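Working notes, structure below.
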Amino acid sequence: MKNRMISVFILALVSCGAPKDEQTVSITEIQAPVTHVVIEEVDAVTAATRNDTQPIFNGILVIPPQRHATITLFMDGVVKNTTLLSGTFVKKGDLMAVLENPEYITLQQAYIESCAQEAFLEAEYRRQEMLFGGEAASQKTFQQSKAEYLSMKSRREAAAAQLSLLGFDPARTLADGIVPHLDLRSPIDGYVANVQINIGKYIPAGSAVCDIIDKNKTMIKLTIYEKDIEKIKTGDKMEFRVNGMGTRVFDATVISLGQMVDVVSRSLEVYASVNSMDAQFRPGMYVNAHIVKD
């Protein structure tokens, strides 16, 4: 009987302890996933807040219009010779190509002849003016002389303007005579790009010969969406990275905000001047930038 009572007592202790163990395991299994979910939600909120305060803007490197020159012909011409090669550096005034066209000769001839005629007609006009003042010439003769002089003067000025547009110096043409070719020279310092000519090629009027780009004034053009407009303003400092240049970081300053939102993409353009230039910069390279808060 004594042994039987001891066995019953042991079984009672075991049965009483079992529910506590099961409850402990059950609580652990329920609480652990809840704690994990709460942490994930906190991290997500923190990341969203960080991204909301410092959005990343995408864009490209560009050259401002003032430092990008497209060489265009005002009159047809055939390329006699050229030194143009994409990627080469030229200075303002450097000879890039020599063009030929009989019309160049005709225009210079017209200018020289109009200068000579103008000088003759001006002298005649002054003479008739004196005679008319002394009542020794009729008013009709005086008026006709004046009209001929002014007509020739306007013809000479028009010919001079045409020569200047082509690249000829009217004063030099008058002093040195007719030059049978046109020297094409660079209007700015920069690198040659988009070369469209070769020796013997006929270039029609209005066609582009090449581009000259000055990379010393490189800018970045960014695309921002209307939801981020209030987060950026003129004068903001930015840091940006360039695709293909590793983890290097460059500085820029916002100088212009677009005033029209694209109706399709709901975005606008923002321009920033680059403060830290690099020789590896090329127009069209992709960049990503963010605003630097003080």
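Following the order of the structure tokens, chains are lettered A, B, ..., residues in each are numbered from 1, and ligands are numbered from 1.
Within the 8 Å cut-off around stretch 82-98 of chain A, using only C-alpha atoms and omitting residues fewer than 5 positions from it on the same chain, the listed residues are A:His181, A:Leu182, A:Asp183, A:Leu184, A:Arg185, A:Ser186, A:Pro187, A:Ile188, A:Asp189, A:Gly190, A:Tyr191, A:Val192, A:Ala193, A:Asn194, A:Val195, A:Asn198, A:Ile199.
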Practice problem: Within stretch 76-274 of chain A, find each residue whose DSSP state, derived from the backbone, is strand (DSSP E), and express the selection as a PyMOL selection string. | Solution: chain A and resi 77-82+89-90+95-100+181-185+190-193+202-203+208-213+219-225+237-242+250-257+267-274
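Here atom CA of A:Leu73 and atom CA of A:Phe281 stand 29.3 Å from one another.
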Exercise. Between atom CA of A:Glu118 and atom CA of A:Met75, measure the distance and give it in Å to one decimal.
Key: 25.9 Å
Practice problem: For A:Arg266, work out the shell of residues within 8 Å, counting only C-alpha atoms and skipping chain neighbours fewer than 3 positions away, then give it as an NGL selection string. | Solution: :A and (225-226 or 261-263)
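Close contacts of A:Pro65, defined as residues with an atom at most 12 Å away when counting only C-alpha atoms, with chain neighbours fewer than 6 positions off set aside, comprise A:Asp211, A:Ile212, A:Ile213, A:Asp214, A:Lys215, A:Lys217, A:Thr218, A:Met219.
By only C-alpha atoms, and with residues fewer than 6 positions from stretch 175-177 of chain A along its chain excluded, the set lying at most 12 Å from it is Ile105, Leu107, Gln108, Gln109, Ala110, Tyr111, Ile112, Glu113, Cys115, Phe168 and Asp169 of chain A.
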